[in-house]
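Written below as structure tokens is the structure these notes are about.
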Amino acid sequence: MRNEQLRPGLWQVVNDRYPGSMITKSDAVPLARFEKPLSEARLTFVSTSGVQPKGTLPFDVAHPIGDYTFRRVPSGSSPEDLEIHQLKYPTDGAMRDLNVVYPITRLQELVAEGTIGGLTDNFYSFIGYNMDPGLFEATVAEDIAAAVEEEGADIALASPA
Amino acid sequence: MSVSCARDVTEHAKPPRAVFVPFRMGHLFGTPFHVELQRRIILVALGLIETAEDSPAILDLDITWAQARREGKEIERLRG
């Protein structure tokens with residue numbers, strides 16, 4: 001079953017309006033084989049939702065080029081410990097149940113029941129509005145990749161908002 | 001692995017593994033309080049660890065946004 005996205009032609013529309021702002025790759029990222037059972041794996045979650053711990057510096061959602069920083073979100077947090085700073089997606093669902101965009105409770109449950117081996121100490125969050133893919137790769141992407149590796153993640157679950 | 005609601009963007013980015021959900025932005029993991037759907041999306045994504053044979057592997061989740069909304073509304077009705 002192949003479903004269609006609700007906003008057809010999104011990549012082209014944005015790239016036409018802001019040329020060069022959308023990431024495109026000529027080659028696919030190689031598939032890394034994974035030999036460890038999921039029940040023994042340590043998972044991290046990386047999100048563009050702008051979810052962050054309450055009291056931390058809000059993302060600059062008004063900057064015309066974007067915010068090239070990220071936040072660490074302790075993986076043991078409850079949704080009540082977190083808040084969203086984002087303007088580019090509807091947050092009505094997340095305001096009622098954060099798990100629709102940041103499934104932190106679901107991931108904690110999957111660890112508690114033994115389906116996933118464990119979580120990294122921190123998850124990672126940034127905002128998806130960044131208009132310079134090269135700058136993004138050199139800053140946010142590289143920094144999160146290094147942090148995830150340092151925390152010993154076996155698996156990274158990544159999600160836009 | 002990643003979750004996506006914009007297949008064309010994912011096809012340009014070419015991640016090794018992705019689950020496409022035909023959902024509204026801000027609702028990549030489904031609808032509020034729909035625990036089963038939220039879990040299912042995570043588990044389908046994690047299942048690609050074993051089932052993906054080549055990159056990019058984009059798997060369609062077998063549900064529509066209309067169905068997810070209907071189920072979500074029923075769940076909220078029962079919550080009261």
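Here's how to read the names in the structure tokens: chain A, B, ... by the order shown, residue numbers from 1 in each chain, ligand numbers from 1 in the order shown.
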- Could the residues of chain A within 9 Å of chain B, counting only C-alpha atoms, be given as JSON, numbers by chain, please? {"A": [1, 2, 3, 4, 5, 6, 7, 8, 9, 10, 11, 12, 22, 23, 24, 25, 26, 27, 28, 29, 30, 31, 32, 33, 34, 35, 38, 49, 89, 90, 91, 92, 93, 94, 96, 97, 98, 99, 100, 101, 102, 103, 106, 107, 110, 155, 156, 157, 158, 159, 160, 161]}
Write the residues you've just listed into a file as a short mmCIF file (atom, residue, chain, number, x, y, z; two decimals), in the first residue's frame, and include N, CA and C atoms for each of them.
```
data_model
loop_
_atom_site.label_atom_id
_atom_site.label_comp_id
_atom_site.auth_asym_id
_atom_site.auth_seq_id
_atom_site.Cartn_x
_atom_site.Cartn_y
_atom_site.Cartn_z
N MET A 1 0.85 -1.20 0.00
CA MET A 1 0.00 0.00 0.00
C MET A 1 0.88 1.25 0.00
N ARG A 2 0.74 2.09 -1.00
CA ARG A 2 1.52 3.31 -1.07
C ARG A 2 0.59 4.50 -0.85
N ASN A 3 0.79 5.17 0.26
CA ASN A 3 0.01 6.36 0.55
C ASN A 3 0.70 7.60 0.00
N GLU A 4 -0.03 8.64 -0.25
CA GLU A 4 0.53 9.89 -0.71
C GLU A 4 0.69 10.85 0.46
N GLN A 5 1.74 11.68 0.39
CA GLN A 5 1.93 12.65 1.45
C GLN A 5 0.85 13.72 1.37
N LEU A 6 0.52 14.29 2.53
CA LEU A 6 -0.56 15.27 2.59
C LEU A 6 -0.20 16.57 1.89
N ARG A 7 1.09 16.89 1.81
CA ARG A 7 1.54 18.11 1.14
C ARG A 7 2.40 17.71 -0.06
N PRO A 8 1.76 17.44 -1.19
CA PRO A 8 2.54 16.98 -2.36
C PRO A 8 3.50 18.04 -2.88
N GLY A 9 4.63 17.56 -3.38
CA GLY A 9 5.58 18.47 -4.00
C GLY A 9 6.29 19.39 -3.03
N LEU A 10 6.37 19.00 -1.78
CA LEU A 10 6.94 19.88 -0.75
C LEU A 10 8.38 20.27 -1.06
N TRP A 11 9.18 19.26 -1.41
CA TRP A 11 10.60 19.55 -1.65
C TRP A 11 10.76 20.60 -2.75
N GLN A 12 10.03 20.42 -3.85
CA GLN A 12 10.18 21.32 -4.99
C GLN A 12 9.67 22.72 -4.68
N MET A 22 17.10 23.16 0.29
CA MET A 22 16.67 21.79 0.60
C MET A 22 17.81 20.81 0.34
N ILE A 23 17.98 19.90 1.27
CA ILE A 23 19.03 18.90 1.14
C ILE A 23 18.68 17.94 0.00
N THR A 24 19.70 17.63 -0.80
CA THR A 24 19.56 16.57 -1.77
C THR A 24 20.89 15.83 -1.86
N LYS A 25 20.83 14.54 -1.94
CA LYS A 25 22.02 13.71 -1.99
C LYS A 25 22.05 12.94 -3.31
N SER A 26 23.22 12.84 -3.89
CA SER A 26 23.34 12.07 -5.13
C SER A 26 23.46 10.58 -4.84
N ASP A 27 24.02 10.25 -3.68
CA ASP A 27 24.17 8.84 -3.30
C ASP A 27 23.43 8.57 -2.00
N ALA A 28 22.90 7.37 -1.89
CA ALA A 28 22.22 6.99 -0.66
C ALA A 28 23.23 6.78 0.46
N VAL A 29 22.80 7.08 1.69
CA VAL A 29 23.64 6.77 2.84
C VAL A 29 23.76 5.25 2.95
N PRO A 30 24.96 4.72 3.04
CA PRO A 30 25.09 3.25 3.08
C PRO A 30 24.35 2.64 4.26
N LEU A 31 23.84 1.46 4.02
CA LEU A 31 23.13 0.72 5.05
C LEU A 31 24.14 0.04 5.95
N ALA A 32 24.12 0.37 7.24
CA ALA A 32 25.00 -0.28 8.19
C ALA A 32 24.30 -1.51 8.74
N ARG A 33 24.94 -2.64 8.67
CA ARG A 33 24.35 -3.87 9.20
C ARG A 33 24.39 -3.83 10.71
N PHE A 34 23.37 -4.40 11.32
CA PHE A 34 23.25 -4.38 12.78
C PHE A 34 23.08 -5.80 13.27
N GLU A 35 24.02 -6.27 14.08
CA GLU A 35 24.03 -7.66 14.49
C GLU A 35 23.48 -7.87 15.89
N LEU A 38 17.72 -6.15 19.25
CA LEU A 38 17.14 -4.89 19.68
C LEU A 38 17.03 -4.82 21.20
N SER A 49 11.82 18.70 16.12
CA SER A 49 10.58 19.27 16.67
C SER A 49 10.78 20.51 17.50
N TYR A 89 5.41 24.12 12.31
CA TYR A 89 4.50 22.98 12.19
C TYR A 89 3.38 23.15 13.21
N PRO A 90 2.22 22.57 12.97
CA PRO A 90 1.12 22.69 13.92
C PRO A 90 1.40 21.89 15.19
N THR A 91 1.31 22.55 16.33
CA THR A 91 1.64 21.91 17.60
C THR A 91 0.40 21.56 18.44
N ASP A 92 -0.78 21.64 17.82
CA ASP A 92 -1.99 21.38 18.59
C ASP A 92 -2.01 19.98 19.17
N GLY A 93 -1.58 19.01 18.38
CA GLY A 93 -1.56 17.63 18.88
C GLY A 93 -0.50 17.46 19.96
N ALA A 94 0.68 18.02 19.75
CA ALA A 94 1.78 17.86 20.70
C ALA A 94 1.48 18.56 22.02
N ARG A 96 -1.24 18.57 23.50
CA ARG A 96 -2.10 17.68 24.27
C ARG A 96 -1.39 16.40 24.64
N ASP A 97 -0.60 15.88 23.72
CA ASP A 97 0.16 14.66 23.95
C ASP A 97 1.48 14.81 23.20
N LEU A 98 2.54 15.11 23.93
CA LEU A 98 3.83 15.37 23.30
C LEU A 98 4.32 14.18 22.47
N ASN A 99 3.86 12.99 22.83
CA ASN A 99 4.33 11.79 22.15
C ASN A 99 3.97 11.73 20.67
N VAL A 100 3.05 12.57 20.21
CA VAL A 100 2.72 12.52 18.78
C VAL A 100 3.88 13.05 17.94
N VAL A 101 4.77 13.85 18.54
CA VAL A 101 5.90 14.36 17.80
C VAL A 101 7.23 14.00 18.49
N TYR A 102 7.14 13.66 19.77
CA TYR A 102 8.35 13.33 20.54
C TYR A 102 7.99 12.18 21.47
N PRO A 103 8.04 10.94 20.97
CA PRO A 103 7.48 9.79 21.69
C PRO A 103 8.34 9.31 22.84
N ARG A 106 6.71 6.59 25.08
CA ARG A 106 6.65 5.30 24.36
C ARG A 106 8.02 4.62 24.36
N LEU A 107 9.07 5.36 24.14
CA LEU A 107 10.41 4.77 24.13
C LEU A 107 10.80 4.29 25.52
N LEU A 110 9.04 1.03 26.03
CA LEU A 110 9.63 -0.07 25.26
C LEU A 110 10.91 -0.58 25.92
N ILE A 155 21.63 2.60 17.96
CA ILE A 155 20.58 2.93 16.98
C ILE A 155 20.18 4.39 17.18
N ALA A 156 19.96 5.08 16.08
CA ALA A 156 19.39 6.42 16.14
C ALA A 156 18.05 6.41 15.42
N LEU A 157 17.01 6.77 16.15
CA LEU A 157 15.69 6.98 15.54
C LEU A 157 15.57 8.47 15.30
N ALA A 158 15.40 8.86 14.04
CA ALA A 158 15.36 10.28 13.68
C ALA A 158 13.98 10.62 13.15
N SER A 159 13.51 11.79 13.50
CA SER A 159 12.18 12.18 13.04
C SER A 159 12.10 13.68 12.83
N PRO A 160 11.48 14.07 11.73
CA PRO A 160 11.12 15.48 11.60
C PRO A 160 9.89 15.72 12.46
N ALA A 161 9.43 16.94 12.44
CA ALA A 161 8.21 17.25 13.19
C ALA A 161 7.02 17.17 12.23
#
```
- Task: Would you please extract all alpha helix (DSSP H) residues from range 16-72 of chain B, as assigned by DSSP on the backbone, and give them as a ChimeraX atom specification?
- Result: /B:35-51,65-72
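Minimum distance to Thr69 in chain A across A:Asp121, A:Asp154, A:Glu137, A:Glu83 (counting only C-alpha atoms) occurs at A:Glu137.
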- Report as a list in words: the residues of range 3-155 of chain A with a DSSP assignment of strand (DSSP E), based on the backbone of this structure.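 In range 3-155 of chain A, DSSP puts these residues in strand (DSSP E): Arg42, Leu43, Thr44, Phe45, Val46, Ser47, Val51, Gln52, Pro53, Arg71, Arg72, Val73, Pro74, Leu82, Glu83, Ile84, Gly118, Leu119, Asn122, Phe123, Tyr124, Ser125 and Ile155 of chain A.
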- Query: What lies within 12 Å of Leu57 in chain A using only C-alpha atoms, ignoring chain neighbours under 2 positions off, as a PyMOL selection string?
  - Reply: chain A and resi 50-55+59-61+67+69-72+83-85+126
